[in-house]
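Chemist: Structure: entry29.tsv, TSV, C-alpha atoms.
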chain	number	residue	atom	x	y	z
U	1	MET	CA	-8.30	19.60	19.41
U	2	GLN	CA	-8.64	22.06	16.55
U	3	LEU	CA	-4.85	21.81	16.21
U	4	LEU	CA	-5.31	18.31	14.78
U	5	LYS	CA	-7.01	19.78	11.73
U	6	PHE	CA	-4.64	20.98	9.04
U	7	ASP	CA	-4.24	21.70	5.35
U	8	TRP	CA	-2.20	19.22	3.33
U	9	ASN	CA	-0.47	20.78	0.35
U	10	PRO	CA	3.06	19.32	0.09
U	11	ILE	CA	5.54	19.01	-2.71
U	12	THR	CA	5.20	15.40	-3.90
U	13	GLY	CA	8.66	14.98	-5.32
U	14	ILE	CA	11.79	16.53	-6.74
U	15	ASP	CA	11.91	17.73	-10.35
U	16	ILE	CA	14.93	16.20	-12.05
U	17	VAL	CA	14.73	17.12	-15.74
U	18	GLY	CA	11.84	17.80	-18.10
U	19	ASN	CA	8.76	15.85	-17.04
U	20	PHE	CA	10.84	13.45	-14.94
U	21	LYS	CA	10.10	13.80	-11.24
U	22	LEU	CA	11.41	11.74	-8.32
U	23	HIS	CA	8.23	11.10	-6.35
U	24	PHE	CA	8.39	10.73	-2.57
U	25	TYR	CA	5.79	7.99	-3.00
U	26	SER	CA	8.35	6.01	-5.00
U	27	LEU	CA	10.91	6.61	-2.24
U	28	MET	CA	8.47	5.11	0.28
U	29	TRP	CA	8.41	1.94	-1.82
U	30	VAL	CA	12.21	1.90	-1.90
U	31	ILE	CA	12.36	2.28	1.89
U	32	ALA	CA	9.77	-0.49	2.30
U	33	PHE	CA	11.74	-2.93	0.15
U	34	ILE	CA	15.12	-2.11	1.70
U	35	LEU	CA	13.73	-2.47	5.21
U	36	GLY	CA	12.12	-5.76	4.19
U	37	TRP	CA	15.43	-7.04	2.83
U	38	TYR	CA	17.17	-6.11	6.09
U	39	ILE	CA	14.53	-7.84	8.24
U	40	MET	CA	14.70	-11.01	6.13
U	41	LYS	CA	18.49	-10.97	6.36
U	42	ARG	CA	18.19	-10.93	10.15
U	43	ILE	CA	15.68	-13.79	10.00
U	44	PHE	CA	17.87	-15.87	7.68
U	45	THR	CA	20.91	-15.28	9.88
U	46	LYS	CA	19.01	-16.17	13.04
U	47	GLU	CA	17.64	-19.40	11.55
U	48	LYS	CA	20.93	-20.30	9.87
U	49	VAL	CA	19.54	-20.17	6.34
U	50	SER	CA	22.09	-19.49	3.62
U	51	LEU	CA	22.08	-15.84	2.54
U	52	ASP	CA	22.50	-17.09	-1.03
U	53	TYR	CA	18.71	-17.46	-1.04
U	54	LEU	CA	18.07	-13.89	0.13
U	55	ASP	CA	18.69	-11.85	-3.01
U	56	PRO	CA	16.55	-14.12	-5.23
U	57	LEU	CA	13.80	-13.87	-2.60
U	58	PHE	CA	14.10	-10.09	-2.71
U	59	ILE	CA	13.82	-10.01	-6.51
U	60	TYR	CA	10.80	-12.33	-6.55
U	61	THR	CA	9.11	-10.28	-3.83
U	62	VAL	CA	9.65	-6.93	-5.57
U	63	LEU	CA	8.43	-8.18	-8.94
U	64	ALA	CA	5.47	-10.07	-7.47
U	65	THR	CA	4.42	-7.10	-5.36
U	66	MET	CA	4.60	-4.51	-8.13
U	67	LEU	CA	3.02	-6.67	-10.83
U	68	GLY	CA	0.30	-7.92	-8.51
U	69	ALA	CA	-0.46	-4.45	-7.16
U	70	ARG	CA	-0.61	-2.89	-10.62
U	71	LEU	CA	-2.70	-5.62	-12.24
U	72	GLY	CA	-4.93	-5.72	-9.18
U	73	HIS	CA	-5.64	-2.00	-9.46
U	74	VAL	CA	-6.44	-2.27	-13.14
U	75	LEU	CA	-8.70	-5.31	-12.73
U	76	PHE	CA	-10.45	-4.19	-9.55
U	77	TYR	CA	-10.67	-0.41	-10.01
U	78	GLN	CA	-9.57	0.90	-13.42
U	79	SER	CA	-10.20	-1.65	-16.15
U	80	GLU	CA	-10.66	1.10	-18.75
U	81	LEU	CA	-6.86	1.41	-18.94
U	82	ILE	CA	-6.77	-1.87	-20.85
U	83	SER	CA	-8.41	-0.20	-23.84
U	84	GLU	CA	-7.53	3.48	-23.29
U	85	ASP	CA	-3.86	3.50	-22.18
U	86	PHE	CA	-2.62	-0.09	-22.22
U	87	PHE	CA	1.13	0.50	-21.91
U	88	SER	CA	0.66	2.69	-18.83
U	89	ILE	CA	-0.39	-0.49	-17.02
U	90	PHE	CA	3.16	-1.84	-17.10
U	91	LEU	CA	5.28	1.29	-17.51
U	92	PRO	CA	5.76	4.30	-15.18
U	93	PHE	CA	4.51	6.64	-17.90
U	94	LYS	CA	1.18	8.09	-19.01
U	95	PHE	CA	0.64	8.16	-22.77
U	96	LYS	CA	-2.97	9.29	-23.06
U	97	GLY	CA	-3.24	13.07	-23.29
U	98	GLY	CA	0.52	13.51	-23.68
U	99	PHE	CA	3.63	11.66	-22.57
U	100	GLU	CA	4.40	12.09	-18.86
U	101	PHE	CA	6.52	10.25	-16.30
U	102	THR	CA	4.14	9.39	-13.46
U	103	GLY	CA	5.91	6.64	-11.54
U	104	PHE	CA	3.95	3.51	-10.74
U	105	GLN	CA	0.63	4.98	-9.68
U	106	GLY	CA	-2.54	3.01	-9.18
U	107	LEU	CA	-1.46	0.05	-7.06
U	108	ALA	CA	-3.92	-2.18	-5.20
U	109	SER	CA	-2.92	-3.90	-1.98
U	110	HIS	CA	-5.25	-6.85	-2.63
U	111	GLY	CA	-3.50	-7.42	-5.93
U	112	ALA	CA	-0.12	-7.12	-4.19
U	113	ALA	CA	-1.15	-9.79	-1.67
U	114	ILE	CA	-2.20	-12.19	-4.41
U	115	GLY	CA	0.98	-11.41	-6.34
U	116	ILE	CA	3.19	-12.10	-3.31
U	117	ILE	CA	1.52	-15.47	-2.64
U	118	ILE	CA	1.98	-16.49	-6.28
U	119	GLY	CA	5.52	-15.10	-6.32
U	120	MET	CA	6.50	-17.04	-3.20
U	121	TYR	CA	5.05	-20.20	-4.73
U	122	LEU	CA	7.18	-19.73	-7.84
U	123	TYR	CA	10.22	-18.88	-5.71
U	124	ARG	CA	9.72	-22.02	-3.61
U	125	LYS	CA	9.49	-24.12	-6.79
U	126	LYS	CA	12.96	-22.97	-7.80
U	127	TYR	CA	14.59	-22.74	-4.35
U	128	ASN	CA	13.44	-25.76	-2.41
U	129	TYR	CA	15.14	-25.20	0.96
U	130	LYS	CA	12.06	-24.56	3.13
U	131	SER	CA	8.31	-25.02	2.82
U	132	LEU	CA	6.12	-22.41	1.15
U	133	LEU	CA	4.42	-21.61	4.44
U	134	TRP	CA	7.78	-21.23	6.22
U	135	ILE	CA	8.62	-18.54	3.67
U	136	LEU	CA	5.19	-16.87	3.89
U	137	ASP	CA	5.25	-16.91	7.70
U	138	ARG	CA	8.39	-14.79	7.61
U	139	VAL	CA	7.81	-12.66	4.53
U	140	VAL	CA	4.58	-11.27	6.01
U	141	ILE	CA	6.61	-9.63	8.78
U	142	THR	CA	8.42	-7.59	6.14
U	143	VAL	CA	5.17	-6.90	4.28
U	144	ALA	CA	3.61	-5.45	7.42
U	145	SER	CA	6.57	-3.14	7.97
U	146	GLY	CA	6.50	-2.03	4.34
U	147	ALA	CA	2.75	-1.33	4.43
U	148	VAL	CA	3.41	1.40	7.00
U	149	PHE	CA	5.53	3.36	4.52
U	150	ILE	CA	3.31	2.71	1.50
U	151	ARG	CA	0.34	4.33	3.23
U	152	ILE	CA	2.55	7.30	4.20
U	153	GLY	CA	3.39	7.56	0.50
U	154	ASN	CA	-0.32	7.58	-0.32
U	155	PHE	CA	-0.77	10.42	2.15
U	156	ILE	CA	2.06	12.41	0.58
U	157	ASN	CA	0.40	11.92	-2.81
U	158	SER	CA	-3.02	13.01	-1.48
U	159	GLU	CA	-4.51	9.75	-2.75
U	160	ILE	CA	-6.82	7.16	-1.21
U	161	ILE	CA	-8.42	10.05	0.62
U	162	GLY	CA	-11.13	9.74	3.24
U	163	LYS	CA	-14.73	10.86	3.30
U	164	ILE	CA	-15.72	14.34	4.35
U	165	THR	CA	-15.77	14.74	8.12
U	166	ASP	CA	-16.47	17.38	10.74
U	167	SER	CA	-14.33	15.57	13.32
U	168	ASN	CA	-11.18	17.05	14.85
U	169	LEU	CA	-9.04	14.74	12.71
U	170	GLY	CA	-9.98	16.34	9.40
U	171	VAL	CA	-7.41	17.18	6.72
U	172	ARG	CA	-7.95	19.39	3.69
U	173	PHE	CA	-6.28	17.75	0.67
U	174	ILE	CA	-5.67	20.73	-1.61
U	175	GLN	CA	-4.08	18.78	-4.44
U	176	ASP	CA	-6.89	16.24	-4.56
U	177	GLN	CA	-9.52	18.96	-4.78
U	178	TYR	CA	-7.97	20.74	-7.77
U	179	TYR	CA	-6.30	19.13	-10.76
U	180	LYS	CA	-3.06	20.70	-12.00
U	181	ARG	CA	-4.60	22.31	-15.05
U	182	GLU	CA	-7.53	23.59	-13.01
U	183	ILE	CA	-5.43	25.20	-10.28
U	184	VAL	CA	-3.26	26.96	-12.85
U	185	GLN	CA	-6.36	28.31	-14.56
U	186	ARG	CA	-8.05	29.43	-11.34
U	187	THR	CA	-5.03	31.18	-9.85
U	188	GLY	CA	-3.47	32.46	-13.07
U	189	ILE	CA	-0.11	31.16	-11.85
U	190	LYS	CA	1.67	29.04	-14.46
U	191	ASP	CA	3.94	27.16	-12.06
U	192	VAL	CA	1.79	24.32	-10.70
U	193	GLN	CA	3.43	24.05	-7.28
U	194	LYS	CA	3.35	27.82	-6.79
U	195	ALA	CA	-0.31	27.78	-7.79
U	196	TYR	CA	-1.07	25.16	-5.15
U	197	ASN	CA	0.93	27.08	-2.55
U	198	ALA	CA	-1.03	30.23	-3.29
U	199	VAL	CA	-4.25	28.51	-2.23
U	200	THR	CA	-3.00	28.09	1.34
U	201	ASP	CA	-0.62	31.06	1.57
U	202	ASN	CA	-2.30	33.88	-0.33
U	203	PRO	CA	-5.48	35.41	1.20
U	204	GLN	CA	-6.48	36.39	-2.34
U	205	PHE	CA	-7.42	32.74	-2.96
U	206	GLN	CA	-9.20	32.14	0.36
U	207	ASN	CA	-12.34	31.18	-1.56
U	208	LEU	CA	-10.48	28.29	-3.18
U	209	LEU	CA	-9.24	27.11	0.21
U	210	ASP	CA	-12.69	27.40	1.78
U	211	ALA	CA	-14.11	25.18	-0.96
U	212	VAL	CA	-11.86	22.28	0.10
U	213	PRO	CA	-13.63	20.06	2.65
U	214	TYR	CA	-11.99	18.41	5.64
U	215	ARG	CA	-11.60	14.66	5.12
U	216	HIS	CA	-10.54	11.65	7.13
U	217	PRO	CA	-6.77	10.99	6.72
U	218	SER	CA	-7.53	7.33	6.05
U	219	GLN	CA	-4.00	6.67	4.84
U	220	LEU	CA	-2.62	7.64	8.25
U	221	TYR	CA	-5.22	5.54	10.06
U	222	GLU	CA	-3.99	2.50	8.15
U	223	SER	CA	-0.30	3.33	8.48
U	224	PHE	CA	-0.65	3.73	12.25
U	225	CYS	CA	-2.52	0.45	12.62
U	226	TYR	CA	0.00	-1.41	10.46
U	227	ILE	CA	2.73	-0.49	12.94
U	228	PHE	CA	0.91	-2.66	15.47
U	229	VAL	CA	0.44	-5.46	12.93
U	230	PHE	CA	4.20	-5.47	12.43
U	231	LEU	CA	4.92	-5.39	16.19
U	232	ILE	CA	2.44	-8.20	16.91
U	233	LEU	CA	3.93	-10.41	14.20
U	234	LEU	CA	7.44	-9.63	15.42
U	235	TYR	CA	6.42	-10.50	18.99
U	236	PHE	CA	4.98	-13.89	18.01
U	237	TYR	CA	8.04	-14.61	15.88
U	238	THR	CA	10.69	-13.64	18.44
U	239	LYS	CA	9.00	-14.33	21.80
U	240	THR	CA	6.89	-17.45	21.19
U	241	ASP	CA	7.13	-20.80	19.44
U	242	LYS	CA	4.37	-19.89	16.98
U	243	LYS	CA	6.90	-19.46	14.20
U	244	ASN	CA	7.19	-23.25	14.28
U	245	GLN	CA	3.43	-23.67	13.76
U	246	SER	CA	3.28	-23.73	9.98
U	247	GLY	CA	0.96	-21.08	8.62
U	248	PHE	CA	0.22	-19.38	11.96
U	249	LEU	CA	2.04	-16.10	11.31
U	250	PHE	CA	0.76	-15.99	7.74
U	251	GLY	CA	-2.80	-16.48	9.00
U	252	LEU	CA	-2.38	-13.92	11.78
U	253	PHE	CA	-1.10	-11.39	9.27
U	254	LEU	CA	-4.07	-11.95	6.97
U	255	ILE	CA	-6.56	-11.53	9.81
U	256	LEU	CA	-4.98	-8.43	11.32
U	257	LEU	CA	-4.15	-6.52	8.16
U	258	TRP	CA	-7.35	-7.20	6.24
U	259	THR	CA	-9.59	-6.63	9.26
U	260	ILE	CA	-7.98	-3.21	9.64
U	261	ARG	CA	-8.46	-2.58	5.94
U	262	PHE	CA	-12.12	-3.66	6.17
U	263	PHE	CA	-12.96	-1.14	8.90
U	264	VAL	CA	-10.84	1.75	7.58
U	265	GLU	CA	-12.71	1.42	4.28
U	266	PHE	CA	-15.76	2.89	6.03
U	267	THR	CA	-13.87	6.21	6.19
U	268	LYS	CA	-12.61	6.16	2.57
U	269	GLU	CA	-13.93	7.57	-0.66
U	270	PRO	CA	-14.42	4.99	-3.47
U	271	GLN	CA	-11.15	4.09	-5.20
U	272	GLY	CA	-12.18	4.41	-8.81
U	273	GLU	CA	-15.06	2.42	-10.28
U	274	GLU	CA	-16.67	0.28	-7.57
U	275	TYR	CA	-17.44	-2.94	-9.42
U	276	ILE	CA	-18.55	-4.68	-6.23
U	277	ASN	CA	-20.87	-2.68	-3.99
U	278	TRP	CA	-23.25	-5.02	-2.20
U	279	PHE	CA	-25.04	-4.59	1.14
U	280	GLY	CA	-23.35	-1.27	1.82
U	281	LEU	CA	-19.83	-2.70	1.51
U	282	ASN	CA	-17.37	-1.50	-1.13
U	283	THR	CA	-14.96	-3.38	-3.37
U	284	GLY	CA	-12.05	-3.15	-0.92
U	285	GLN	CA	-14.15	-4.62	1.89
U	286	TRP	CA	-15.47	-7.52	-0.16
U	287	LEU	CA	-11.95	-8.30	-1.39
U	288	SER	CA	-10.70	-8.27	2.23
U	289	ILE	CA	-13.17	-10.86	3.52
U	290	PRO	CA	-11.64	-13.89	1.69
U	291	PHE	CA	-8.20	-13.00	3.08
U	292	VAL	CA	-9.57	-12.89	6.64
U	293	LEU	CA	-11.27	-16.27	6.16
U	294	LEU	CA	-8.03	-17.69	4.73
U	295	GLY	CA	-6.20	-16.37	7.77
U	296	LEU	CA	-8.65	-18.05	10.15
U	297	TYR	CA	-8.11	-21.31	8.30
U	298	PHE	CA	-4.33	-21.21	8.63
U	299	MET	CA	-4.43	-20.14	12.28
U	300	PHE	CA	-7.02	-22.58	13.60
U	301	ILE	CA	-7.75	-25.38	11.11
U	302	TYR	CA	-4.71	-26.09	8.95
U	303	LYS	CA	-2.59	-29.03	10.06
U	304	PRO	CA	0.79	-29.44	8.32
U	305	LYS	CA	1.84	-32.89	7.16
U	306	SER	CA	5.12	-32.44	8.96
U	307	GLU	CA	6.64	-30.02	11.46
U	308	VAL	CA	8.62	-27.01	10.25
U	309	LYS	CA	12.32	-27.79	10.22
Let me see the file written as C-alpha cells.
Modeler:
Amino acid sequence: MQLLKFDWNPITGIDIVGNFKLHFYSLMWVIAFILGWYIMKRIFTKEKVSLDYLDPLFIYTVLATMLGARLGHVLFYQSELISEDFFSIFLPFKFKGGFEFTGFQGLASHGAAIGIIIGMYLYRKKYNYKSLLWILDRVVITVASGAVFIRIGNFINSEIIGKITDSNLGVRFIQDQYYKREIVQRTGIKDVQKAYNAVTDNPQFQNLLDAVPYRHPSQLYESFCYIFVFLILLYFYTKTDKKNQSGFLFGLFLILLWTIRFFVEFTKEPQGEEYINWFGLNTGQWLSIPFVLLGLYFMFIYKPKSEVK
C-alpha cells in the first residue's frame, strides 16, 4: 500500500514566450467544454432539436461558467482582490507585484453553478424552443463530465489540496509547500522548475523534501466520484423515462454532486478566507447544502405545469 504514496512535482504548463505559459489546467477546461459540446450535440441530434441552437448554448455556457466561477471565488473566498488587484478578477493576468500571465486561476464551483443557472435562464429567454428545465436537465450531464477534468486540472496545479494525512493515499505537493521565489532562494537554482525538480531528485535537498507533509489528494477523490455522477445521469437519461420528468435530472445532479462536495470538504484545507465556518462546517459545505435541498425539491416535490415536449 506504500506504493500509493507519492511525491507530486509536475510541470504545470508549457512556456511559450516571456511570462506567457500554456497551463495544463487551462487545457483541462478546454477539454471539458469541447466534450460538453459533443455530448450536447448528440443529445440535440437524438431529440431532433435544431443544431442551430447548439453554438449559442455553448457560448452562453462557457461565459456563464467562467464568470460565475470567477466571481464566486472572489465573493466567497478572496474578496480582497476587489480592492487590491481588481482587474485580475476579470483578466487572466496578475498586476499586483508585477505583471504576469496566470490564466484564469481562482474559480469556485458554487459560483459556476449559479452562473450556469443564470446563463441558461438568459439563453432560454432568447431561444425559446424548450423549457428552462429541459435545458438544465441535459446541460448538467455535460457539467458532470467536465467536472472530472477540472478537478484533474486542480491536481496538476497542486491546488485545492487536502489536509495532512498518515493514510496510504497521501501525496506530497512540493509546489504547494514552497512558493517559486522561496524554492529558488532555498536551492540556489535560478530556474524555478529545475529548483522544484531538485527537491525530489537531488539528495542534497532531502531536508526540503522531508519537510513536505503527505496530504489527501482531495482533487482526485472528487474527480473519481464525478465520473459516477456523469454515468448515473447518463444512465437515467438514456435508459429510463426520467428525462421526460421535468427537473428530475437537474435535481439528481444537484444532490449527487454537492453531496460529494460536502463530504470531500472534510479532507480539504480551507480555500482562502473562510467567511462561513459554523458548527465545524466550512464555507464550501454550507454553500453546498442549499444546492442539495434544491435538488430534493426538483426530484420529489416539483410538479411541472405541462409535460416536457
Chemist: So how many Å separate atom CA of U:Val229 and atom CA of U:Val148, to one decimal?
Modeler: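 Spanning atom CA of U:Val229 to atom CA of U:Val148 is a straight-line distance of 9.5 Å.
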Chemist: Assuming 4 Å of padding per side, give the centre and edge lengths of the axis-aligned box around every listed atom of stretch 57-72 of chain U, in Å to one decimal and as JSON.
Modeler:
{"center_x": 4.6, "center_y": -8.4, "center_z": -7.4, "size_x": 27.0, "size_y": 19.0, "size_z": 17.6}
Chemist: So how far away is atom CA of U:Lys48 from atom CA of U:Ile301, in Å?
Modeler: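 It comes out at 29.2 Å.
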Chemist: Give as JSON, numbers by chain each residue that has an atom at most 9 Å from (-9.1, 10.6, 0.5) in the file, counting all atoms listed in the file.
Modeler: {"U": [155, 158, 159, 160, 161, 162, 163, 164, 173, 176, 215, 216, 217, 218, 219, 267, 268, 269, 270, 271]}
Chemist: Restricting the calculation to all atoms listed in the file: of U:Gln175, U:Thr65, U:Thr187, U:Ser88, which residue gets closest to U:Pro10?
Modeler: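 Closest candidate: U:Gln175.
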Chemist: Which protein, DNA or RNA residues have an atom at most 9 Å from (8.1, 18.7, -2.0), counting only C-alpha atoms? List them as a PyMOL selection string.
Modeler: chain U and resi 10-14+23-24+193
Chemist: Could you tell me how far atom CA of U:Val140 sits from atom CA of U:Phe250, in Å to one decimal place?
Modeler: 6.3 Å
Chemist: Considering all atoms listed in the file, state which residue in the set U:Tyr214, U:Trp278, U:Tyr123, U:Phe266 is at the smallest distance from U:Ile135.
Modeler: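 Checking each candidate against U:Ile135, we get U:Tyr123 as the closest.
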Chemist: Tell me which protein, DNA and RNA residues are within 8 Å of U:Gln285, counting all atoms listed in the file, leaving out same-chain ones fewer than 5 positions away, and put them as a list in words.
Modeler: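 The residues satisfying every condition are Arg261, Phe262, Phe263 and Glu265 of chain U.
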Chemist: May I ask which of the residues U:Leu208, U:Leu133, U:Leu257, U:Cys225 is the closest one to U:Ala113, counting only C-alpha atoms?
Modeler: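 Selected residue with least distance to U:Ala113: U:Leu257.
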Chemist: Contacts of stretch 234-243 of chain U at 12 Å or less, counting all atoms listed in the file, minus same-chain residues fewer than 4 places along, as a PDB file with C-alpha atoms, keeping the file's coordinate frame?
Modeler:
ATOM      1  CA  ILE U  39      14.530  -7.840   8.240  1.00  0.00           C
ATOM      2  CA  MET U  40      14.700 -11.010   6.130  1.00  0.00           C
ATOM      3  CA  ARG U  42      18.190 -10.930  10.150  1.00  0.00           C
ATOM      4  CA  ILE U  43      15.680 -13.790  10.000  1.00  0.00           C
ATOM      5  CA  LYS U  46      19.010 -16.170  13.040  1.00  0.00           C
ATOM      6  CA  GLU U  47      17.640 -19.400  11.550  1.00  0.00           C
ATOM      7  CA  LEU U 133       4.420 -21.610   4.440  1.00  0.00           C
ATOM      8  CA  TRP U 134       7.780 -21.230   6.220  1.00  0.00           C
ATOM      9  CA  ILE U 135       8.620 -18.540   3.670  1.00  0.00           C
ATOM     10  CA  LEU U 136       5.190 -16.870   3.890  1.00  0.00           C
ATOM     11  CA  ASP U 137       5.250 -16.910   7.700  1.00  0.00           C
ATOM     12  CA  ARG U 138       8.390 -14.790   7.610  1.00  0.00           C
ATOM     13  CA  VAL U 139       7.810 -12.660   4.530  1.00  0.00           C
ATOM     14  CA  VAL U 140       4.580 -11.270   6.010  1.00  0.00           C
ATOM     15  CA  ILE U 141       6.610  -9.630   8.780  1.00  0.00           C
ATOM     16  CA  THR U 142       8.420  -7.590   6.140  1.00  0.00           C
ATOM     17  CA  VAL U 143       5.170  -6.900   4.280  1.00  0.00           C
ATOM     18  CA  ALA U 144       3.610  -5.450   7.420  1.00  0.00           C
ATOM     19  CA  SER U 145       6.570  -3.140   7.970  1.00  0.00           C
ATOM     20  CA  ILE U 227       2.730  -0.490  12.940  1.00  0.00           C
ATOM     21  CA  PHE U 228       0.910  -2.660  15.470  1.00  0.00           C
ATOM     22  CA  VAL U 229       0.440  -5.460  12.930  1.00  0.00           C
ATOM     23  CA  PHE U 230       4.200  -5.470  12.430  1.00  0.00           C
ATOM     24  CA  GLY U 247       0.960 -21.080   8.620  1.00  0.00           C
ATOM     25  CA  PHE U 248       0.220 -19.380  11.960  1.00  0.00           C
ATOM     26  CA  LEU U 249       2.040 -16.100  11.310  1.00  0.00           C
ATOM     27  CA  PHE U 250       0.760 -15.990   7.740  1.00  0.00           C
ATOM     28  CA  GLY U 251      -2.800 -16.480   9.000  1.00  0.00           C
ATOM     29  CA  LEU U 252      -2.380 -13.920  11.780  1.00  0.00           C
ATOM     30  CA  PHE U 253      -1.100 -11.390   9.270  1.00  0.00           C
ATOM     31  CA  MET U 299      -4.430 -20.140  12.280  1.00  0.00           C
ATOM     32  CA  GLU U 307       6.640 -30.020  11.460  1.00  0.00           C
ATOM     33  CA  VAL U 308       8.620 -27.010  10.250  1.00  0.00           C
ATOM     34  CA  LYS U 309      12.320 -27.790  10.220  1.00  0.00           C
TER      35      LYS U 309
END
Chemist: Considering all atoms listed in the file, return as a PyMOL selection string whatever protein or nucleic-acid residues lie within 12 Å of U:Gly119, sequence-local ones (same chain, fewer than 3 positions apart) excluded.
Modeler: chain U and resi 56-68+111-116+122-126+132+135-136+139
Chemist: Could you tell me which of U:Ile82, U:Ile89, U:Ile156, U:Leu22 comes closest to U:Arg70 if we count only C-alpha atoms?
Modeler: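 Result for the nearest residue to U:Arg70: U:Ile89.
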